$ cat coords-v5.csv   # CSV, C-alpha atoms and all ligand atoms
chain,number,residue,atom,x,y,z
A,1,MET,CA,11.5,21.3,-2.2
A,2,LYS,CA,9.1,23.8,-0.6
A,3,THR,CA,5.6,22.4,-0.7
A,4,LEU,CA,2.3,23.1,1.1
A,5,ASP,CA,1.5,21.0,4.1
A,6,THR,CA,-2.1,22.2,4.6
A,7,TRP,CA,-3.8,18.9,3.9
A,8,PRO,CA,-3.4,17.0,7.1
A,9,HIS,CA,-4.0,13.3,7.5
A,10,PHE,CA,-6.5,12.0,10.1
A,11,GLU,CA,-5.3,9.8,12.9
A,12,GLY,CA,-7.3,8.0,15.5
A,13,SER,CA,-9.3,4.8,16.4
A,14,ILE,CA,-11.9,3.3,14.1
A,15,GLU,CA,-14.6,5.1,16.2
A,16,ASP,CA,-12.8,8.4,15.8
A,17,ILE,CA,-12.5,8.0,12.1
A,18,CYS,CA,-16.1,6.9,11.6
A,19,ARG,CA,-17.2,9.9,13.7
A,20,ALA,CA,-15.2,12.3,11.6
A,21,PHE,CA,-16.0,10.6,8.3
A,22,PRO,CA,-19.2,8.6,8.1
A,23,SER,CA,-18.0,7.0,4.9
A,24,PRO,CA,-14.2,6.9,5.4
A,25,LEU,CA,-13.4,5.4,2.0
A,26,ALA,CA,-15.5,7.9,0.1
A,27,ALA,CA,-13.8,10.7,2.1
A,28,LEU,CA,-10.4,9.4,0.9
A,29,ALA,CA,-11.6,9.1,-2.7
A,30,GLN,CA,-13.1,12.7,-2.6
A,31,GLY,CA,-9.8,14.1,-1.3
A,32,LYS,CA,-11.4,15.3,2.0
A,33,VAL,CA,-8.5,13.7,3.8
A,34,PRO,CA,-5.3,12.3,2.4
A,35,ALA,CA,-4.9,9.3,4.6
A,36,LEU,CA,-6.4,7.5,7.6
A,37,VAL,CA,-3.7,6.5,10.1
A,38,LEU,CA,-4.3,3.9,12.8
A,39,ARG,CA,-1.6,3.5,15.3
A,40,ASN,CA,-0.6,0.2,16.9
A,41,VAL,CA,-3.0,-2.0,15.0
A,42,TYR,CA,-0.5,-4.8,15.2
A,43,LYS,CA,2.0,-5.7,18.0
A,44,PRO,CA,5.5,-4.2,17.3
A,45,SER,CA,7.1,-7.2,19.0
A,46,HIS,CA,5.3,-9.5,16.5
A,47,CYS,CA,6.6,-7.3,13.6
A,48,SER,CA,10.2,-7.8,14.8
A,49,SER,CA,9.8,-11.5,15.5
A,50,LEU,CA,8.3,-12.2,12.1
A,51,ILE,CA,11.1,-10.2,10.4
A,52,GLU,CA,13.6,-12.5,12.1
A,53,ARG,CA,11.6,-15.5,10.8
A,54,PHE,CA,11.7,-14.1,7.3
A,55,TYR,CA,15.5,-13.8,7.5
A,56,GLU,CA,15.8,-17.4,8.9
A,57,LYS,CA,13.6,-18.7,6.1
A,58,GLY,CA,15.7,-16.9,3.4
A,59,LEU,CA,12.7,-14.8,2.4
A,60,LEU,CA,14.7,-11.5,3.0
A,61,TYR,CA,18.4,-11.0,2.4
A,62,ASN,CA,20.8,-9.4,4.8
A,63,PRO,CA,21.9,-6.0,3.2
A,64,HIS,CA,25.6,-6.8,3.9
A,65,GLU,CA,25.5,-9.9,1.7
A,66,LEU,CA,24.7,-8.2,-1.6
A,67,ASP,CA,26.4,-5.4,-3.6
A,68,HIS,CA,23.3,-4.5,-5.6
A,69,PRO,CA,20.3,-4.0,-3.5
A,70,HIS,CA,16.9,-4.9,-5.0
A,71,ARG,CA,13.5,-4.7,-3.6
A,72,VAL,CA,12.2,-8.0,-2.1
A,73,ASP,CA,8.5,-9.0,-2.3
A,74,ILE,CA,7.1,-11.8,-0.2
A,75,GLY,CA,3.8,-12.5,-2.0
A,76,THR,CA,2.3,-12.2,-5.4
A,77,SER,CA,2.3,-8.8,-7.1
A,78,PHE,CA,-0.6,-8.5,-9.6
A,79,GLY,CA,1.4,-5.8,-11.5
A,80,THR,CA,4.4,-8.1,-11.9
A,81,HIS,CA,2.6,-11.4,-12.8
A,82,ARG,CA,-0.8,-10.5,-14.4
A,83,LEU,CA,0.3,-10.9,-18.0
A,84,ASP,CA,0.3,-14.6,-17.7
A,85,ARG,CA,-3.0,-15.6,-16.0
A,86,GLU,CA,-1.9,-19.2,-15.3
A,87,VAL,CA,1.4,-18.1,-13.8
A,88,PHE,CA,-0.4,-15.3,-11.8
A,89,PHE,CA,-3.0,-17.6,-10.2
A,90,SER,CA,-0.5,-20.4,-9.5
A,91,HIS,CA,1.9,-17.9,-7.9
A,92,SER,CA,-1.0,-16.6,-5.9
A,93,SER,CA,-2.0,-20.0,-4.6
A,94,GLN,CA,1.7,-20.7,-3.6
A,95,THR,CA,1.5,-17.4,-1.6
A,96,SER,CA,-1.7,-18.4,0.1
A,97,LYS,CA,0.0,-21.7,1.1
A,98,LEU,CA,3.0,-19.8,2.4
A,99,PHE,CA,0.9,-17.3,4.4
A,100,SER,CA,-1.2,-20.1,5.9
A,101,THR,CA,1.8,-21.2,8.2
A,102,LEU,CA,4.1,-18.2,8.0
A,103,PHE,CA,2.6,-16.3,11.0
A,104,GLU,CA,2.2,-19.4,13.3
A,105,GLY,CA,2.7,-18.4,17.0
A,106,TYR,CA,1.9,-14.7,16.2
A,107,ASP,CA,-1.2,-12.6,15.3
A,108,ASP,CA,-2.0,-12.8,11.6
A,109,PRO,CA,-1.1,-9.4,10.3
A,110,ILE,CA,-3.1,-9.8,7.1
A,111,GLN,CA,-6.2,-10.6,9.1
A,112,ALA,CA,-5.5,-7.5,11.2
A,113,MET,CA,-5.5,-5.4,8.0
A,114,TYR,CA,-8.6,-7.0,6.6
A,115,ASP,CA,-10.4,-6.6,10.0
A,116,THR,CA,-9.5,-2.9,10.2
A,117,LEU,CA,-10.6,-2.3,6.6
A,118,THR,CA,-13.9,-4.2,7.3
A,119,GLN,CA,-14.7,-1.8,10.1
A,120,LEU,CA,-14.0,1.2,7.9
A,121,ALA,CA,-15.9,-0.2,4.9
A,122,THR,CA,-19.2,0.3,6.8
A,123,ASP,CA,-21.8,-1.6,4.6
A,124,LYS,CA,-19.5,-3.5,2.3
A,125,GLU,CA,-18.0,-7.0,2.4
A,126,VAL,CA,-14.2,-7.2,2.3
A,127,LYS,CA,-12.8,-10.2,0.4
A,128,THR,CA,-9.6,-11.3,-1.3
A,129,ALA,CA,-10.1,-10.5,-5.0
A,130,ARG,CA,-11.3,-13.4,-7.1
A,131,GLU,CA,-12.4,-14.4,-10.6
A,132,PRO,CA,-15.8,-15.8,-11.3
A,133,ASP,CA,-14.3,-19.3,-11.5
A,134,GLY,CA,-13.1,-18.9,-7.9
A,135,GLN,CA,-9.4,-18.3,-8.5
A,136,LEU,CA,-7.9,-16.1,-5.9
A,137,TYR,CA,-5.4,-13.2,-6.1
A,138,GLY,CA,-2.6,-12.9,-3.6
A,139,PRO,CA,-4.2,-11.5,-0.4
A,140,ALA,CA,-1.3,-9.0,0.6
A,141,ILE,CA,2.4,-8.6,0.0
A,142,PHE,CA,5.4,-7.8,2.2
A,143,ARG,CA,7.8,-5.4,0.6
A,144,ALA,CA,11.4,-4.7,1.7
A,145,TYR,CA,13.0,-1.5,0.4
A,146,TYR,CA,16.8,-1.6,0.9
A,147,ALA,CA,19.1,1.5,0.7
A,148,GLY,CA,18.5,3.6,-2.4
A,149,LEU,CA,15.1,2.0,-3.2
A,150,GLY,CA,11.7,3.7,-3.1
A,151,HIS,CA,9.0,4.6,-5.6
A,152,GLY,CA,9.1,7.7,-7.7
A,153,PRO,CA,5.8,9.7,-8.1
A,154,HIS,CA,3.1,7.5,-9.5
A,155,TYR,CA,-0.5,6.4,-9.0
A,156,ASP,CA,-2.0,2.9,-8.9
A,157,SER,CA,-5.2,2.1,-10.7
A,158,VAL,CA,-5.9,-1.2,-12.4
A,159,ALA,CA,-8.8,0.4,-14.2
A,160,LYS,CA,-7.1,3.7,-15.3
A,161,ARG,CA,-3.4,2.9,-15.4
A,162,THR,CA,-2.9,-0.8,-15.8
A,163,LYS,CA,-6.1,-1.2,-17.9
A,164,ALA,CA,-6.3,-4.8,-17.0
A,165,PHE,CA,-9.9,-5.2,-18.2
A,166,ASP,CA,-9.5,-9.0,-18.4
A,167,TYR,CA,-9.5,-9.1,-14.6
A,168,GLN,CA,-12.4,-8.6,-12.1
A,169,VAL,CA,-10.5,-6.0,-10.1
A,170,SER,CA,-10.9,-3.6,-13.0
A,171,ARG,CA,-14.7,-3.4,-12.5
A,172,PHE,CA,-14.4,-1.0,-9.5
A,173,GLU,CA,-14.5,2.8,-9.6
A,174,HIS,CA,-12.0,3.7,-6.9
A,175,GLN,CA,-8.7,2.1,-5.9
A,176,PHE,CA,-6.9,2.4,-2.6
A,177,SER,CA,-3.9,1.2,-0.7
A,178,GLY,CA,-3.3,0.0,2.8
A,179,VAL,CA,0.2,-0.2,4.3
A,180,LEU,CA,1.2,-1.7,7.7
A,181,CYS,CA,4.7,-0.7,8.8
A,182,PHE,CA,6.9,-3.7,10.0
A,183,GLN,CA,10.2,-1.9,10.1
A,184,ASN,CA,11.4,1.7,9.5
A,185,SER,CA,14.4,2.9,7.7
A,186,GLU,CA,16.8,4.8,9.9
A,187,GLY,CA,16.6,8.5,10.6
A,188,THR,CA,14.0,11.0,9.5
A,189,GLY,CA,13.3,13.4,6.7
A,190,GLU,CA,12.9,12.3,3.1
A,191,ASN,CA,13.9,8.8,3.9
A,192,GLY,CA,11.5,5.9,3.1
A,193,ALA,CA,8.4,7.8,4.5
A,194,PRO,CA,5.8,8.2,1.8
A,195,PHE,CA,4.4,11.5,0.5
A,196,LEU,CA,0.8,11.8,-0.7
A,197,TYR,CA,-0.1,14.7,-3.0
A,198,ASN,CA,-3.5,16.3,-3.3
A,199,CYS,CA,-3.4,15.5,-6.9
A,200,PRO,CA,-5.6,12.9,-8.5
A,201,TRP,CA,-4.2,11.5,-11.8
A,202,ASP,CA,-5.3,13.1,-15.0
A,203,VAL,CA,-3.8,13.7,-18.5
A,204,ALA,CA,-2.1,17.0,-17.5
A,205,VAL,CA,-0.5,15.3,-14.5
A,206,GLN,CA,0.6,12.4,-16.7
A,207,GLU,CA,2.4,14.8,-19.0
A,208,GLN,CA,4.4,16.1,-16.1
A,209,LEU,CA,5.2,12.6,-14.9
A,210,ASN,CA,6.4,11.7,-18.4
A,211,LYS,CA,8.7,14.7,-18.5
A,212,GLU,CA,9.9,14.0,-15.0
A,213,LYS,CA,8.7,17.5,-14.1
A,214,PHE,CA,6.2,16.5,-11.4
A,215,HIS,CA,8.0,18.1,-8.5
A,216,GLN,CA,8.3,21.5,-10.3
A,217,TYR,CA,4.6,21.2,-11.3
A,218,ILE,CA,3.4,20.8,-7.7
A,219,VAL,CA,5.4,23.7,-6.5
A,220,ARG,CA,4.1,25.9,-9.4
A,221,GLU,CA,0.5,24.8,-8.9
A,222,GLN,CA,0.8,25.0,-5.1
A,223,ILE,CA,-0.4,21.4,-4.7
A,224,GLU,CA,-0.5,20.3,-1.1
A,225,ARG,CA,1.3,17.2,0.2
A,226,VAL,CA,1.6,15.2,3.4
A,227,GLN,CA,4.3,12.9,4.6
A,228,ILE,CA,3.2,9.8,6.6
A,229,ASP,CA,5.5,8.7,9.4
A,230,LEU,CA,4.8,5.3,10.8
A,231,GLU,CA,6.2,3.2,13.6
A,232,PRO,CA,6.1,-0.6,13.4
A,233,GLY,CA,2.5,-1.8,13.9
A,234,ASP,CA,1.0,1.4,12.5
A,235,LEU,CA,-1.3,1.2,9.5
A,236,TYR,CA,-2.4,3.8,6.9
A,237,PHE,CA,-5.0,3.8,4.2
A,238,PHE,CA,-5.0,6.2,1.2
A,239,PHE,CA,-6.5,6.8,-2.2
A,240,SER,CA,-3.9,5.3,-4.5
A,241,GLU,CA,-5.3,7.3,-7.5
A,242,ASN,CA,-3.7,10.4,-6.0
A,243,ILE,CA,0.0,10.8,-6.9
A,244,HIS,CA,2.2,9.5,-4.2
A,245,GLU,CA,5.8,8.5,-3.8
A,246,VAL,CA,8.2,6.7,-1.4
A,247,PRO,CA,11.6,8.6,-1.2
A,248,PRO,CA,14.6,6.2,-1.4
A,249,VAL,CA,15.7,4.6,1.8
A,250,ILE,CA,18.9,5.8,3.3
A,251,GLY,CA,21.0,3.6,5.6
A,252,GLU,CA,21.3,0.0,6.7
A,253,SER,CA,17.8,-0.7,7.9
A,254,PRO,CA,15.4,-1.7,5.1
A,255,ARG,CA,11.9,-0.3,5.2
A,256,ILE,CA,9.6,-3.4,5.5
A,257,VAL,CA,5.8,-3.1,5.1
A,258,LEU,CA,2.8,-5.3,4.5
A,259,ALA,CA,0.8,-3.8,1.7
A,260,ILE,CA,-2.6,-4.3,0.1
A,261,PHE,CA,-4.5,-2.7,-2.8
A,262,PHE,CA,-8.3,-2.6,-2.6
A,263,ALA,CA,-11.0,-1.3,-4.8
A,264,MET,CA,-14.7,-0.4,-4.4
A,265,SER,CA,-17.6,1.3,-6.1
A,266,LEU,CA,-20.3,3.1,-4.2
A,267,ASP,CA,-23.0,0.9,-5.7
A,268,ASP,CA,-21.2,-2.4,-5.2
A,269,ASP,CA,-21.5,-4.3,-2.0
A,270,GLU,CA,-18.1,-6.0,-2.3
A,271,ILE,CA,-14.6,-4.6,-1.7
A,272,TYR,CA,-11.8,-6.7,-3.4
A,273,VAL,CA,-8.4,-6.8,-1.9
A,274,TRP,CA,-5.2,-7.9,-3.6
A,275,ALA,CA,-1.5,-7.1,-3.8
A,301,LIG,O1,4.8,1.7,0.9
A,301,LIG,C1,4.1,2.7,0.8
A,301,LIG,O2,3.8,3.4,1.8
A,301,LIG,C2,3.4,3.0,-0.5
A,301,LIG,C3,3.8,2.0,-1.6
A,301,LIG,C4,3.3,2.3,-3.0
A,301,LIG,O3,3.0,3.4,-3.4
A,301,LIG,C5,3.1,1.1,-3.9
A,301,LIG,O4,3.5,0.0,-3.6
A,301,LIG,O5,2.5,1.3,-5.0
A,302,FE,FE,1.7,3.2,-5.1
$ encode --input "coords-v5.csv" --output "structure tokens" --more "lines below"
Ligand SMILES: O=C(O)CCC(=O)C(=O)O
Ligand SMILES: [Fe+2]
Amino acid sequence: MKTLDTWPHFEGSIEDICRAFPSPLAALAQGKVPALVLRNVYKPSHCSSLIERFYEKGLLYNPHELDHPHRVDIGTSFGTHRLDREVFFSHSSQTSKLFSTLFEGYDDPIQAMYDTLTQLATDKEVKTAREPDGQLYGPAIFRAYYAGLGHGPHYDSVAKRTKAFDYQVSRFEHQFSGVLCFQNSEGTGENGAPFLYNCPWDVAVQEQLNKEKFHQYIVREQIERVQIDLEPGDLYFFFSENIHEVPPVIGESPRIVLAIFFAMSLDDDEIYVWA
């Protein structure tokens, strides 16, 4: 597919980013930049050691052992569990318990993501999402994409797409994602590395998504896109209300990432983070 690549991401240190974009998250939401990429935020050797630990603990499966690959989540997905509040919050609390010891002996990768986000969030307080009674959401999630697995074009918004108005996270105006690479799929090209489109969701776009005509649409409308290539330890943030996709993984090596969603409003001094 021939598409325009005239919407480059920005890559640099926190200082570089804040110099280029005084309000980095607002710049993402306004489409001034598709993604902010921070290299080597987490030690690659800790990525590989923790992945080994996940296999040892049976939290990931070896691709040779199953005929039908499926995505593996380590953590609590709001999208998967939100329909039953009780189940969702007890799953989330199990996750917090698991994460409280899972990284022992290594740097805490979730803390690394929250710390980086805090520095980009300028005047706002970054917290794990919570309800007024104090119940906490899952703070982050590991996702392993095995051969053949990815995400088709979609956007993520609790307020606009999921319409989960019975949860606090729906109160915010803008939703984002952060993804820390733990392991790449093999090779290059359209293989596990995400594409971001300069295309916020709206009704016209939804019609194209419904008809599975999104790719034709972006070529016809000359919508720009960018592919984000990450090495283990690299982190990127993007506005998840723009259409984005993860092309299916090819080959033996699953793509493994640590992912968060987060949301903010310009006039709210908190940023809520969940998975
Ligand atoms: O893994 C990524 O880079 C993006 C994942 C994504 O779009 C999602 O989980 O909704
Ligand atoms: Fe997404």
$ atom_distance --input "coords-v5.csv" --atom1 "CA of Arg255 (chain A)" --atom2 "CA of Ala144 (chain A)"
5.6 Å
$ residues_near_ligand --input "coords-v5.csv" --ligand "ligand FE 302 (chain A)" --cutoff "7 Å" --atoms "all atoms listed in the file" --output "ChimeraX atom specification"
/A:154-156,240,244-245
$ closest_atom_pairs --input "coords-v5.csv" --of "chain A" --to "ligand LIG 301 (chain A)" --cutoff "9 Å" --atoms "only C-alpha atoms and all ligand atoms" --output "Markdown table"
| residue | atom | partner | partner_atom | distance |
| --- | --- | --- | --- | --- |
| A:Arg143 | CA | A:LIG301 | O1 | 7.7 |
| A:Tyr145 | CA | A:LIG301 | O1 | 8.8 |
| A:Gly150 | CA | A:LIG301 | C3 | 8.2 |
| A:His151 | CA | A:LIG301 | O3 | 6.5 |
| A:Gly152 | CA | A:LIG301 | O3 | 8.6 |
| A:Pro153 | CA | A:LIG301 | O3 | 8.3 |
| A:His154 | CA | A:LIG301 | O3 | 7.4 |
| A:Tyr155 | CA | A:LIG301 | O5 | 7.1 |
| A:Asp156 | CA | A:LIG301 | O5 | 6.2 |
| A:Ser177 | CA | A:LIG301 | C2 | 7.5 |
| A:Gly178 | CA | A:LIG301 | O2 | 7.9 |
| A:Val179 | CA | A:LIG301 | O2 | 5.7 |
| A:Leu180 | CA | A:LIG301 | O2 | 8.2 |
| A:Cys181 | CA | A:LIG301 | O2 | 8.2 |
| A:Gly192 | CA | A:LIG301 | O2 | 8.2 |
| A:Ala193 | CA | A:LIG301 | O2 | 6.9 |
| A:Pro194 | CA | A:LIG301 | O2 | 5.2 |
| A:Phe195 | CA | A:LIG301 | O2 | 8.2 |
| A:Ile228 | CA | A:LIG301 | O2 | 8.0 |
| A:Tyr236 | CA | A:LIG301 | O2 | 8.0 |
| A:Ser240 | CA | A:LIG301 | O3 | 7.2 |
| A:Ile243 | CA | A:LIG301 | O3 | 8.7 |
| A:His244 | CA | A:LIG301 | O3 | 6.2 |
| A:Glu245 | CA | A:LIG301 | O3 | 5.8 |
| A:Val246 | CA | A:LIG301 | C2 | 6.1 |
| A:Arg255 | CA | A:LIG301 | O1 | 8.5 |
| A:Ile256 | CA | A:LIG301 | O1 | 8.4 |
| A:Val257 | CA | A:LIG301 | O1 | 6.5 |
| A:Leu258 | CA | A:LIG301 | O1 | 8.1 |
| A:Ala259 | CA | A:LIG301 | O1 | 6.8 |
| A:Ile260 | CA | A:LIG301 | O4 | 8.3 |
| A:Phe261 | CA | A:LIG301 | O5 | 8.4 |
| A:Ala275 | CA | A:LIG301 | O4 | 8.7 |
$ closest_residue --input "coords-v5.csv" --among "A:Cys47, A:Ala35, A:Leu98, A:Ala27" --to "Gln227 (chain A)" --atoms "all atoms listed in the file"
A:Ala35
$ residues_around --input "coords-v5.csv" --residues "region 135-141 of chain A" --least-positions-apart "2" --cutoff "9 Å" --atoms "only C-alpha atoms" --output "NGL selection string"
:A and (73-78 or 88-89 or 91-96 or 110 or 127-133 or 143 or 257-261 or 273-275)
$ residues_around --input "coords-v5.csv" --residues "region 57-69 of chain A" --least-positions-apart "2" --cutoff "10 Å" --atoms "only C-alpha atoms" --output "PyMOL selection string"
chain A and resi 51-55+71-74+102+143-149+251-254+256
$ atom_distance --input "coords-v5.csv" --atom1 "CA of Asp202 (chain A)" --atom2 "CA of Ser157 (chain A)"
11.8 Å
$ closest_residue --input "coords-v5.csv" --among "A:Met1, A:Ile271, A:Leu38, A:Ala29" --to "Gln168 (chain A)" --atoms "all atoms listed in the file"
A:Ile271
$ atom_distance --input "coords-v5.csv" --atom1 "CA of Val37 (chain A)" --atom2 "CA of Phe176 (chain A)"
13.7 Å
$ closest_residue --input "coords-v5.csv" --among "A:Glu190, A:Asp123, A:Glu221, A:Glu241" --to "Glu270 (chain A)" --atoms "only C-alpha atoms"
A:Asp123
$ closest_residue --input "coords-v5.csv" --among "A:Asn191, A:Thr122, A:Asn210, A:Gln183" --to "Arg19 (chain A)" --atoms "all atoms listed in the file"
A:Thr122
$ closest_residue --input "coords-v5.csv" --among "A:Tyr272, A:Tyr42, A:Phe10, A:Phe238" --to "Tyr167 (chain A)" --atoms "all atoms listed in the file"
A:Tyr272
$ residues_around --input "coords-v5.csv" --residues "Tyr106 (chain A)" --least-positions-apart "4" --cutoff "10 Å" --atoms "all atoms listed in the file" --output "PyMOL selection string"
chain A and resi 43+45-47+49-50+102
$ closest_residue --input "coords-v5.csv" --among "A:Ile223, A:Ala263, A:Met113, A:Val33" --to "Phe172 (chain A)" --atoms "all atoms listed in the file"
A:Ala263
$ build_atoms --input "coords-v5.csv" --residues "region 255-272 of chain A" --atoms "N, CA and C atoms" --output "compact mmCIF listing (two decimals), in the coordinates of the input"
# COMPACT_ATOMS: atom_id res chain seq x y z
N ARG A 255 13.29 -0.61 4.86
CA ARG A 255 11.90 -0.30 5.20
C ARG A 255 11.08 -1.57 4.83
N ILE A 256 10.38 -2.15 5.79
CA ILE A 256 9.60 -3.40 5.50
C ILE A 256 8.14 -3.10 5.84
N VAL A 257 7.27 -3.35 4.86
CA VAL A 257 5.80 -3.10 5.10
C VAL A 257 5.03 -4.28 4.57
N LEU A 258 3.82 -4.38 5.07
CA LEU A 258 2.80 -5.30 4.50
C LEU A 258 1.81 -4.41 3.79
N ALA A 259 1.60 -4.68 2.50
CA ALA A 259 0.80 -3.80 1.70
C ALA A 259 -0.38 -4.50 1.02
N ILE A 260 -1.47 -3.77 0.87
CA ILE A 260 -2.60 -4.30 0.10
C ILE A 260 -3.06 -3.17 -0.89
N PHE A 261 -3.65 -3.59 -1.99
CA PHE A 261 -4.50 -2.70 -2.80
C PHE A 261 -5.93 -3.15 -2.54
N PHE A 262 -6.85 -2.23 -2.65
CA PHE A 262 -8.30 -2.60 -2.60
C PHE A 262 -9.06 -1.64 -3.44
N ALA A 263 -10.24 -2.12 -3.88
CA ALA A 263 -11.00 -1.30 -4.80
C ALA A 263 -12.50 -1.42 -4.42
N MET A 264 -13.24 -0.34 -4.66
CA MET A 264 -14.70 -0.40 -4.40
C MET A 264 -15.41 0.58 -5.32
N SER A 265 -16.71 0.35 -5.41
CA SER A 265 -17.60 1.30 -6.10
C SER A 265 -18.74 1.57 -5.11
N LEU A 266 -19.27 2.77 -5.18
CA LEU A 266 -20.30 3.10 -4.20
C LEU A 266 -21.51 2.19 -4.31
N ASP A 267 -21.82 1.72 -5.54
CA ASP A 267 -23.00 0.90 -5.70
C ASP A 267 -22.70 -0.61 -5.75
N ASP A 268 -21.55 -1.01 -5.21
CA ASP A 268 -21.20 -2.40 -5.20
C ASP A 268 -21.00 -2.86 -3.77
N ASP A 269 -21.58 -3.98 -3.38
CA ASP A 269 -21.50 -4.30 -2.00
C ASP A 269 -20.27 -5.13 -1.59
N GLU A 270 -19.35 -5.33 -2.57
CA GLU A 270 -18.10 -6.00 -2.30
C GLU A 270 -16.91 -5.04 -2.40
N ILE A 271 -15.89 -5.29 -1.56
CA ILE A 271 -14.60 -4.60 -1.70
C ILE A 271 -13.59 -5.74 -2.01
N TYR A 272 -12.85 -5.64 -3.08
CA TYR A 272 -11.80 -6.70 -3.40
C TYR A 272 -10.46 -6.18 -2.97
